[in-house]
Structures are given as structure tokens and as C-alpha cells.
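Visitor: The following block contains the structure, expressed as C-alpha cells.
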Amino acid sequence: MLPDDPETRLATVRDAIARSARLADRKADAVTLIAISKTRSAGEIEPLLAAGQRVFGENRVQEAAAKWPALREAWPDTRLHLVGQLQSNKAEEAVASFDVIHSVDRSSLVAALARAMERQGRRPDCFLQVNIGDEEQKGGCAIDDLPALLAQARAAHLPIAGLMAVPPADTEPAPYFALLATLARDHGLTGLSMGMSGDYETAVTLGATHVRVGTALFGERG
Ligand SMILES: *Cc1c(COP(=O)(O)O)cnc(C)c1O
């Protein structure tokens with residue numbers, strides 16, 4: 001059962017992150033908690049802002065553009081992350097609206113983001129998303145394609161923060177988190193965006209630098 005007030009839910013998640021970090025001999029402040037606010041109204045988001053949470057994530061460019069300008073005006077130090085699949089024709093708007101983009105997963109998108117960043121003179125940090133469980137319909141580049149995509153992204157001067165993945169549902173996620181951590185290390189990347197409501201503690205013990213938590217902060221999505 002989730003505690004019913006947002007402030008207690010936030011404190012509970014932060015405590016769990018700190019505990020997992022300690023277990024892995026890591027510092028709790030090495031982990032950024034991204035509150036995934038997709039489908040949530042401004043009225044549901046405001047209590048978390050009031051409780052001190054400043055990093056949020058959305059999965060749709062359009063929804064974020066509708067919801068966040070007013071919220072960011074009230075809380076200007078908010079940082080907004082894009083965690084959903086991104087179409088190349090939305091790259092321009094994504095670069096304008098987000099501080100970090102977690103779903104860079106193919107060559108055409110790297111090119112579109114590079115052009116948008118050049119035009120706007122704004123360079124959101126980027127995570128390359130890896131299809132870590134090699135699933136048919138899942139976003140993310142194939143593990144075998146990662147070296148080439150990373151080389152292209154570096155050549156295009158995208159600021160690459162690290163790797164992101166969503167492990168297959170209904171399986172033990174730890175081996176996938178460990179694999180993502182190994183891939184990042186092998187490619188000289190330090191950022192690891194992994195772990196959601198059901199598995200962020202495991203992800204933190206395996207090196208996550210960014211956890212993406214929705215349900216445990218907001219309750220079940222309707
Ligand atoms: C919705 C979503 C999350 C958060 O999921 P919860 O299970 O609600 O914590 C994390 N990452 C991505 C990519 C998502 O789309």
C-alpha cells in the first residue's frame with residue numbers, strides 16, 4: 001500500500017534510494033530521482049513540487065508542452081526529462097522543452113536532434129536507449145548497434161550522459177541492469193538511467209544514476 005499523501009510517498013522513495021545506495025557503498029546523492037508525471041495533472045504534480053521535488057519526467061512532447069510552462073514559471077529550477085519514444089519530427093520541440101532526453105535510439109533521431117541543437121544553441125543531455133532485452137516492439141537500439149550509434153552521436157556533438165533501458169516486464173531485472181552497467185563502462189559512459197517503481201532499489205544497488213519513478217510517487221495511473 002502506498003502512503004496517501006504525496007509528501008510521505010516522496011520521503012519513502014528517497015529513503016529507499018538512500019538505503020540501496022548505502023548497501024552498494026554508493027552515495028545517495030549520486031542518484032537522481034526523476035518523478036515520472038506522465039498522465040498526471042498539474043494539481044497532482046504541485047504537491048511534489050511543494051515538497052521539494054524538482055526533477056520530473058514526461059513521455060510525450062505534446063503533453064509536456066501543455067502542462068509544464070505554467071508549472072515551471074512557478075518553480076523555475078525544475079528540470080524536465082523526456083523518457084518516451086521520440087519521433088524525429090518532434091526533435092525540435094523536444095530540444096526546446098526538455099533538459100534531458102533519455103530515448104535517443106537511432107541514427108535518424110541523432111541527426112534530427114543534432115540539427116535542432118545547432119539551430120537553437122541549446123544542448124539537452126542525452127541518454128542512448130538500449131533495447132536491453134532484445135524485445136520485438138521495444139524502443140532502444142540493439143546492443144550490437146550501440147557502438148555505431150554512440151560514435152555518430154559523439155561526432156554530432158550530442159552531449160551524451162549515459163545509457164538508458166527498460167528491462168523486459170515480468171522477469172528478474174537485475175541481470176539486465178548489470179548488463180547495461182557493463183555496456184556503459186565499456187563505452188566510457190557514467191550515466192545509467194534504469195529502475196522504475198517496481199525495481200528502482202535493485203537498479204540503485206547495480207549503479208543507477210537516474211531512477212524513473214511514477215507509480216510509487218503518484219499512485220496507480222488511471
Ligand atoms: C512510465 C515510465 C516510468 C515510470 O513507471 P512506474 O512504474 O510508474 O514507476 C519509467 N520509465 C519510463 C520510460 C516510463 O515510460
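The way I read the labels, and the way they are meant: chains A, B, ... in the order of the C-alpha cells, residue 1 as the first residue of every chain, and ligand 1 as the first ligand shown, with later ones counted on from there.
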Pick out the residues sitting within 12 Å of stretch 56-64 of chain A, and hand them over as a PyMOL selection string; count only C-alpha atoms, and ignore anything fewer than 4 positions along from it in its own chain.

Guide: chain A and resi 32-42+45-46+48-49+52+68-72+75+77-103+193+196+210-214+217-218

Visitor: Run DSSP on the backbone and grab whatever in stretch 23-119 of chain A lands in strand (DSSP E); send it over as an NGL selection string.

Guide: :A and (32-36 or 55-58 or 79-82 or 100-104)

Visitor: Quick one: write out the picked residues with all heavy atoms as a compact mmCIF listing (two decimals), in the first residue's frame?

Guide:
# COMPACT_ATOMS: atom_id res chain seq x y z
N THR A 32 19.85 10.47 -9.05
CA THR A 32 18.81 11.47 -9.30
C THR A 32 17.46 10.78 -9.41
O THR A 32 17.29 9.87 -10.22
CB THR A 32 19.10 12.22 -10.62
OG1 THR A 32 20.37 12.87 -10.50
CG2 THR A 32 18.03 13.26 -10.92
N LEU A 33 16.53 11.23 -8.57
CA LEU A 33 15.17 10.70 -8.64
C LEU A 33 14.36 11.54 -9.63
O LEU A 33 14.17 12.74 -9.43
CB LEU A 33 14.51 10.78 -7.25
CG LEU A 33 13.00 10.51 -7.21
CD1 LEU A 33 12.66 9.10 -7.69
CD2 LEU A 33 12.47 10.74 -5.79
N ILE A 34 13.91 10.88 -10.71
CA ILE A 34 13.06 11.57 -11.69
C ILE A 34 11.62 11.14 -11.40
O ILE A 34 11.29 9.96 -11.49
CB ILE A 34 13.44 11.17 -13.13
CG1 ILE A 34 14.94 11.37 -13.38
CG2 ILE A 34 12.61 11.96 -14.14
CD1 ILE A 34 15.42 10.78 -14.70
N ALA A 35 10.79 12.09 -11.05
CA ALA A 35 9.37 11.80 -10.80
C ALA A 35 8.65 11.79 -12.14
O ALA A 35 8.53 12.82 -12.81
CB ALA A 35 8.77 12.87 -9.88
N ILE A 36 8.18 10.61 -12.54
CA ILE A 36 7.55 10.48 -13.87
C ILE A 36 6.08 10.91 -13.76
O ILE A 36 5.25 10.20 -13.19
CB ILE A 36 7.67 9.04 -14.39
CG1 ILE A 36 9.14 8.60 -14.45
CG2 ILE A 36 7.01 8.92 -15.77
CD1 ILE A 36 10.03 9.41 -15.39
N VAL A 55 12.88 17.38 -10.12
CA VAL A 55 13.22 16.70 -11.37
C VAL A 55 12.04 15.82 -11.78
O VAL A 55 11.61 14.95 -11.01
CB VAL A 55 14.49 15.84 -11.22
CG1 VAL A 55 14.88 15.22 -12.55
CG2 VAL A 55 15.64 16.67 -10.65
N PHE A 56 11.52 16.07 -12.96
CA PHE A 56 10.32 15.37 -13.43
C PHE A 56 10.57 14.80 -14.82
O PHE A 56 11.44 15.27 -15.56
CB PHE A 56 9.12 16.33 -13.45
CG PHE A 56 8.64 16.69 -12.06
CD1 PHE A 56 9.27 17.70 -11.34
CD2 PHE A 56 7.61 15.99 -11.46
CE1 PHE A 56 8.86 18.01 -10.04
CE2 PHE A 56 7.20 16.29 -10.16
CZ PHE A 56 7.83 17.31 -9.45
N GLY A 57 9.77 13.79 -15.16
CA GLY A 57 9.88 13.18 -16.47
C GLY A 57 8.53 13.00 -17.12
O GLY A 57 7.53 12.69 -16.44
N GLU A 58 8.49 13.22 -18.43
CA GLU A 58 7.27 13.03 -19.21
C GLU A 58 7.62 12.14 -20.38
O GLU A 58 8.77 12.06 -20.81
CB GLU A 58 6.76 14.39 -19.73
CG GLU A 58 6.26 15.32 -18.64
CD GLU A 58 4.85 14.99 -18.16
OE1 GLU A 58 4.14 14.22 -18.87
OE2 GLU A 58 4.45 15.49 -17.09
N ARG A 79 13.75 20.70 -13.44
CA ARG A 79 14.41 20.09 -14.61
C ARG A 79 13.49 19.03 -15.20
O ARG A 79 12.93 18.22 -14.47
CB ARG A 79 15.74 19.43 -14.21
CG ARG A 79 16.69 20.36 -13.47
CD ARG A 79 17.84 20.85 -14.29
NE ARG A 79 18.61 19.79 -14.91
CZ ARG A 79 19.35 19.97 -15.99
NH1 ARG A 79 19.42 21.15 -16.58
NH2 ARG A 79 20.05 18.96 -16.50
N LEU A 80 13.34 19.09 -16.51
CA LEU A 80 12.38 18.21 -17.17
C LEU A 80 13.09 17.21 -18.07
O LEU A 80 13.91 17.59 -18.92
CB LEU A 80 11.41 19.08 -17.97
CG LEU A 80 10.03 18.51 -18.26
CD1 LEU A 80 9.32 18.04 -17.00
CD2 LEU A 80 9.17 19.57 -18.96
N HIS A 81 12.77 15.92 -17.86
CA HIS A 81 13.39 14.84 -18.64
C HIS A 81 12.35 14.21 -19.57
O HIS A 81 11.22 13.99 -19.16
CB HIS A 81 13.91 13.74 -17.71
CG HIS A 81 15.07 14.14 -16.85
ND1 HIS A 81 16.26 13.44 -16.83
CD2 HIS A 81 15.22 15.16 -15.97
CE1 HIS A 81 17.10 14.02 -15.99
NE2 HIS A 81 16.50 15.06 -15.44
N LEU A 82 12.76 13.89 -20.79
CA LEU A 82 11.89 13.16 -21.71
C LEU A 82 12.28 11.68 -21.68
O LEU A 82 13.42 11.33 -21.97
CB LEU A 82 12.04 13.71 -23.14
CG LEU A 82 11.22 12.96 -24.21
CD1 LEU A 82 9.73 13.09 -23.96
CD2 LEU A 82 11.57 13.47 -25.60
N VAL A 100 16.80 17.10 -20.46
CA VAL A 100 17.48 15.81 -20.67
C VAL A 100 16.57 14.93 -21.52
O VAL A 100 15.35 14.92 -21.31
CB VAL A 100 17.76 15.10 -19.32
CG1 VAL A 100 18.58 13.83 -19.55
CG2 VAL A 100 18.49 16.02 -18.33
N ILE A 101 17.15 14.21 -22.47
CA ILE A 101 16.39 13.32 -23.35
C ILE A 101 16.94 11.90 -23.19
O ILE A 101 18.13 11.66 -23.42
CB ILE A 101 16.48 13.79 -24.82
CG1 ILE A 101 15.87 15.19 -24.95
CG2 ILE A 101 15.80 12.79 -25.76
CD1 ILE A 101 16.06 15.85 -26.32
N HIS A 102 16.06 10.96 -22.78
CA HIS A 102 16.52 9.59 -22.43
C HIS A 102 16.30 8.57 -23.53
O HIS A 102 16.55 7.40 -23.31
CB HIS A 102 15.75 9.08 -21.19
CG HIS A 102 16.11 9.76 -19.91
ND1 HIS A 102 16.65 9.10 -18.85
CD2 HIS A 102 16.02 11.05 -19.54
CE1 HIS A 102 16.86 9.96 -17.84
NE2 HIS A 102 16.48 11.14 -18.24
N SER A 103 15.76 8.98 -24.66
CA SER A 103 15.27 7.99 -25.62
C SER A 103 15.92 8.12 -26.99
O SER A 103 15.28 7.90 -28.01
CB SER A 103 13.75 8.12 -25.74
OG SER A 103 13.38 9.50 -25.78
N VAL A 104 17.20 8.43 -27.02
CA VAL A 104 17.91 8.54 -28.29
C VAL A 104 18.31 7.13 -28.72
O VAL A 104 19.11 6.48 -28.04
CB VAL A 104 19.16 9.43 -28.14
CG1 VAL A 104 19.88 9.57 -29.48
CG2 VAL A 104 18.78 10.80 -27.58

Visitor: Show which residues sit within 8 Å of stretch 143-158 of chain A, as a ChimeraX atom specification. Count only C-alpha atoms, and ignore same-chain residues fewer than 6 positions away.

Guide: /A:105-107,110-111,113-114,123,125-126,128,130-132,134,187

Visitor: Find the spatial neighbours of A:Arg9, counting only C-alpha atoms, within a cut-off of 10 Å - ignore same-chain residues fewer than 4 positions away - and output them as a list in words.

Guide: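 The residues satisfying every condition are Leu2, Pro3, Asp4, Asp5, Val13, Arg14, Asp15, Leu48, Thr215, Ala216, Leu217, Phe218 and Gly219 of chain A.
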
Visitor: Please save N, CA, C and O atoms of the selected residues as a PDB file, in the first residue's frame.

Guide:
ATOM      1  N   LEU A   2       0.499   2.213  -0.827  1.00  0.00           N
ATOM      2  CA  LEU A   2       1.208   3.491  -0.829  1.00  0.00           C
ATOM      3  C   LEU A   2       0.652   4.388   0.264  1.00  0.00           C
ATOM      4  O   LEU A   2      -0.549   4.399   0.499  1.00  0.00           O
ATOM      5  N   PRO A   3       1.510   5.148   0.931  1.00  0.00           N
ATOM      6  CA  PRO A   3       1.010   6.182   1.842  1.00  0.00           C
ATOM      7  C   PRO A   3       0.131   7.153   1.064  1.00  0.00           C
ATOM      8  O   PRO A   3       0.374   7.377  -0.118  1.00  0.00           O
ATOM      9  N   ASP A   4      -0.912   7.746   1.681  1.00  0.00           N
ATOM     10  CA  ASP A   4      -1.795   8.568   0.834  1.00  0.00           C
ATOM     11  C   ASP A   4      -1.329   9.982   0.598  1.00  0.00           C
ATOM     12  O   ASP A   4      -1.825  10.606  -0.307  1.00  0.00           O
ATOM     13  N   ASP A   5      -0.394  10.501   1.373  1.00  0.00           N
ATOM     14  CA  ASP A   5      -0.036  11.863   0.999  1.00  0.00           C
ATOM     15  C   ASP A   5       1.286  11.890   0.228  1.00  0.00           C
ATOM     16  O   ASP A   5       2.204  11.115   0.482  1.00  0.00           O
ATOM     17  N   VAL A  13      10.269   7.017  -0.941  1.00  0.00           N
ATOM     18  CA  VAL A  13      11.110   6.662  -2.095  1.00  0.00           C
ATOM     19  C   VAL A  13      12.541   7.154  -1.882  1.00  0.00           C
ATOM     20  O   VAL A  13      13.511   6.425  -2.134  1.00  0.00           O
ATOM     21  N   ARG A  14      12.672   8.372  -1.383  1.00  0.00           N
ATOM     22  CA  ARG A  14      14.029   8.890  -1.144  1.00  0.00           C
ATOM     23  C   ARG A  14      14.779   8.050  -0.115  1.00  0.00           C
ATOM     24  O   ARG A  14      15.970   7.780  -0.273  1.00  0.00           O
ATOM     25  N   ASP A  15      14.081   7.625   0.939  1.00  0.00           N
ATOM     26  CA  ASP A  15      14.714   6.768   1.951  1.00  0.00           C
ATOM     27  C   ASP A  15      15.161   5.445   1.338  1.00  0.00           C
ATOM     28  O   ASP A  15      16.242   4.933   1.644  1.00  0.00           O
ATOM     29  N   LEU A  48       4.150  17.583  -5.045  1.00  0.00           N
ATOM     30  CA  LEU A  48       5.535  17.095  -5.053  1.00  0.00           C
ATOM     31  C   LEU A  48       6.521  18.249  -5.209  1.00  0.00           C
ATOM     32  O   LEU A  48       7.581  18.268  -4.591  1.00  0.00           O
ATOM     33  N   THR A 215       4.568   5.540 -10.432  1.00  0.00           N
ATOM     34  CA  THR A 215       3.514   4.993  -9.581  1.00  0.00           C
ATOM     35  C   THR A 215       3.817   5.110  -8.084  1.00  0.00           C
ATOM     36  O   THR A 215       2.922   5.440  -7.295  1.00  0.00           O
ATOM     37  N   ALA A 216       5.040   4.847  -7.670  1.00  0.00           N
ATOM     38  CA  ALA A 216       5.367   4.886  -6.237  1.00  0.00           C
ATOM     39  C   ALA A 216       5.277   6.307  -5.666  1.00  0.00           C
ATOM     40  O   ALA A 216       5.179   6.481  -4.458  1.00  0.00           O
ATOM     41  N   LEU A 217       5.271   7.309  -6.545  1.00  0.00           N
ATOM     42  CA  LEU A 217       5.149   8.698  -6.080  1.00  0.00           C
ATOM     43  C   LEU A 217       3.736   9.234  -6.230  1.00  0.00           C
ATOM     44  O   LEU A 217       3.268  10.028  -5.422  1.00  0.00           O
ATOM     45  N   PHE A 218       3.054   8.808  -7.297  1.00  0.00           N
ATOM     46  CA  PHE A 218       1.754   9.400  -7.638  1.00  0.00           C
ATOM     47  C   PHE A 218       0.580   8.450  -7.392  1.00  0.00           C
ATOM     48  O   PHE A 218      -0.569   8.864  -7.456  1.00  0.00           O
ATOM     49  N   GLY A 219       0.838   7.176  -7.201  1.00  0.00           N
ATOM     50  CA  GLY A 219      -0.232   6.188  -7.163  1.00  0.00           C
ATOM     51  C   GLY A 219      -0.423   5.566  -8.536  1.00  0.00           C
ATOM     52  O   GLY A 219       0.241   5.946  -9.491  1.00  0.00           O
TER      53      GLY A 219
END

Visitor: What gap, in Å, lies between atom 9 (O, counted along the ligand's line) of ligand 1 and atom CA of A:Pro124?

Guide: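 Atom CA of A:Pro124 lies at a distance of 22.8 Å from atom 9 (O, counted along the ligand's line) of ligand 1.
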
Visitor: What separation in Å, quoted to one decimal, exists between atom 5 (O, counted along the ligand's line) of ligand 1 and atom CA of A:Met117?

Guide: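 Interatomic distance here is 28.0 Å.
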
Visitor: What is the atom CA of A:Glu44-atom CA of A:Ala28 distance in Å, reported with one decimal?

Guide: 25.8 Å

Visitor: Can you list every residue in stretch 115-180 of chain A that DSSP puts in helix (DSSP H, G or I), as a list in words?

Guide: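 The helix (DSSP H, G or I) subset of stretch 115-180 of chain A is Arg115, Ala116, Met117, Glu118, Arg119, Gln120, Ile143, Asp144, Asp145, Leu146, Pro147, Ala148, Leu149, Leu150, Ala151, Gln152, Ala153, Arg154, Ala155, Ala174, Pro175, Tyr176, Phe177, Ala178, Leu179 and Leu180 of chain A.
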
Visitor: Find the spatial neighbours of A:Gly195, counting only C-alpha atoms, within a cut-off of 9 Å - ignore same-chain residues fewer than 3 positions away - and output them as a list in words.

Guide: Ala165, Val166, Pro167, Pro173, Phe177, Gly198, Asp199, Tyr200, Glu201, Thr202, Ala203, Val204, Ala208, His210, Val211, Arg212 and Val213 of chain A

Visitor: Selected residues, N, CA, C and O atoms, written as a JSON list (two decimals), in the first residue's frame, please.

Guide:
[["chain", "number", "residue", "atom", "x", "y", "z"],
["A", 165, "ALA", "N", 17.68, 2.13, -20.18],
["A", 165, "ALA", "CA", 16.97, 0.92, -20.63],
["A", 165, "ALA", "C", 15.77, 0.64, -19.74],
["A", 165, "ALA", "O", 15.69, 1.08, -18.60],
["A", 166, "VAL", "N", 14.84, -0.07, -20.34],
["A", 166, "VAL", "CA", 13.68, -0.63, -19.63],
["A", 166, "VAL", "C", 13.76, -2.15, -19.82],
["A", 166, "VAL", "O", 13.57, -2.63, -20.94],
["A", 167, "PRO", "N", 14.05, -2.92, -18.77],
["A", 167, "PRO", "CA", 14.16, -4.37, -18.92],
["A", 167, "PRO", "C", 12.80, -4.99, -19.27],
["A", 167, "PRO", "O", 11.76, -4.36, -19.06],
["A", 173, "PRO", "N", 14.86, -8.20, -13.12],
["A", 173, "PRO", "CA", 15.54, -7.14, -13.87],
["A", 173, "PRO", "C", 17.05, -7.05, -13.63],
["A", 173, "PRO", "O", 17.77, -6.48, -14.45],
["A", 177, "PHE", "N", 20.00, -4.87, -15.67],
["A", 177, "PHE", "CA", 20.66, -3.67, -15.13],
["A", 177, "PHE", "C", 22.18, -3.86, -15.13],
["A", 177, "PHE", "O", 22.93, -2.94, -15.47],
["A", 198, "GLY", "N", 8.82, -0.51, -9.62],
["A", 198, "GLY", "CA", 8.93, -1.88, -9.13],
["A", 198, "GLY", "C", 10.34, -2.34, -8.87],
["A", 198, "GLY", "O", 10.55, -3.38, -8.21],
["A", 199, "ASP", "N", 11.33, -1.62, -9.38],
["A", 199, "ASP", "CA", 12.69, -2.17, -9.32],
["A", 199, "ASP", "C", 13.78, -1.12, -9.12],
["A", 199, "ASP", "O", 14.96, -1.41, -9.35],
["A", 200, "TYR", "N", 13.40, 0.10, -8.68],
["A", 200, "TYR", "CA", 14.46, 1.12, -8.59],
["A", 200, "TYR", "C", 15.49, 0.82, -7.51],
["A", 200, "TYR", "O", 16.66, 1.20, -7.64],
["A", 201, "GLU", "N", 15.08, 0.09, -6.45],
["A", 201, "GLU", "CA", 16.07, -0.21, -5.40],
["A", 201, "GLU", "C", 17.15, -1.15, -5.94],
["A", 201, "GLU", "O", 18.34, -0.94, -5.71],
["A", 202, "THR", "N", 16.70, -2.17, -6.69],
["A", 202, "THR", "CA", 17.67, -3.07, -7.33],
["A", 202, "THR", "C", 18.57, -2.28, -8.27],
["A", 202, "THR", "O", 19.79, -2.48, -8.30],
["A", 203, "ALA", "N", 17.97, -1.38, -9.05],
["A", 203, "ALA", "CA", 18.74, -0.60, -10.01],
["A", 203, "ALA", "C", 19.82, 0.23, -9.30],
["A", 203, "ALA", "O", 20.95, 0.34, -9.78],
["A", 204, "VAL", "N", 19.46, 0.81, -8.16],
["A", 204, "VAL", "CA", 20.43, 1.63, -7.43],
["A", 204, "VAL", "C", 21.59, 0.77, -6.93],
["A", 204, "VAL", "O", 22.76, 1.18, -7.02],
["A", 208, "ALA", "N", 22.56, 2.52, -10.84],
["A", 208, "ALA", "CA", 21.74, 3.55, -11.49],
["A", 208, "ALA", "C", 22.13, 4.95, -10.98],
["A", 208, "ALA", "O", 22.29, 5.16, -9.78],
["A", 210, "HIS", "N", 20.23, 7.53, -12.41],
["A", 210, "HIS", "CA", 18.93, 8.15, -12.60],
["A", 210, "HIS", "C", 17.86, 7.06, -12.50],
["A", 210, "HIS", "O", 17.91, 6.09, -13.27],
["A", 211, "VAL", "N", 16.92, 7.21, -11.55],
["A", 211, "VAL", "CA", 15.79, 6.29, -11.49],
["A", 211, "VAL", "C", 14.53, 7.04, -11.90],
["A", 211, "VAL", "O", 14.38, 8.22, -11.61],
["A", 212, "ARG", "N", 13.64, 6.34, -12.61],
["A", 212, "ARG", "CA", 12.44, 6.97, -13.19],
["A", 212, "ARG", "C", 11.23, 6.38, -12.49],
["A", 212, "ARG", "O", 10.80, 5.27, -12.80],
["A", 213, "VAL", "N", 10.68, 7.12, -11.55],
["A", 213, "VAL", "CA", 9.65, 6.56, -10.66],
["A", 213, "VAL", "C", 8.35, 7.34, -10.81],
["A", 213, "VAL", "O", 8.30, 8.54, -10.55]]

Visitor: Go through A:Ala50, A:Ala174, A:Thr209, A:Glu73 one by one, measure the shortest atom-to-atom distance of each to A:Asp29 using only C-alpha atoms, and give the residue with the smallest value.

Guide: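 Selected residue with least distance to A:Asp29: A:Thr209.
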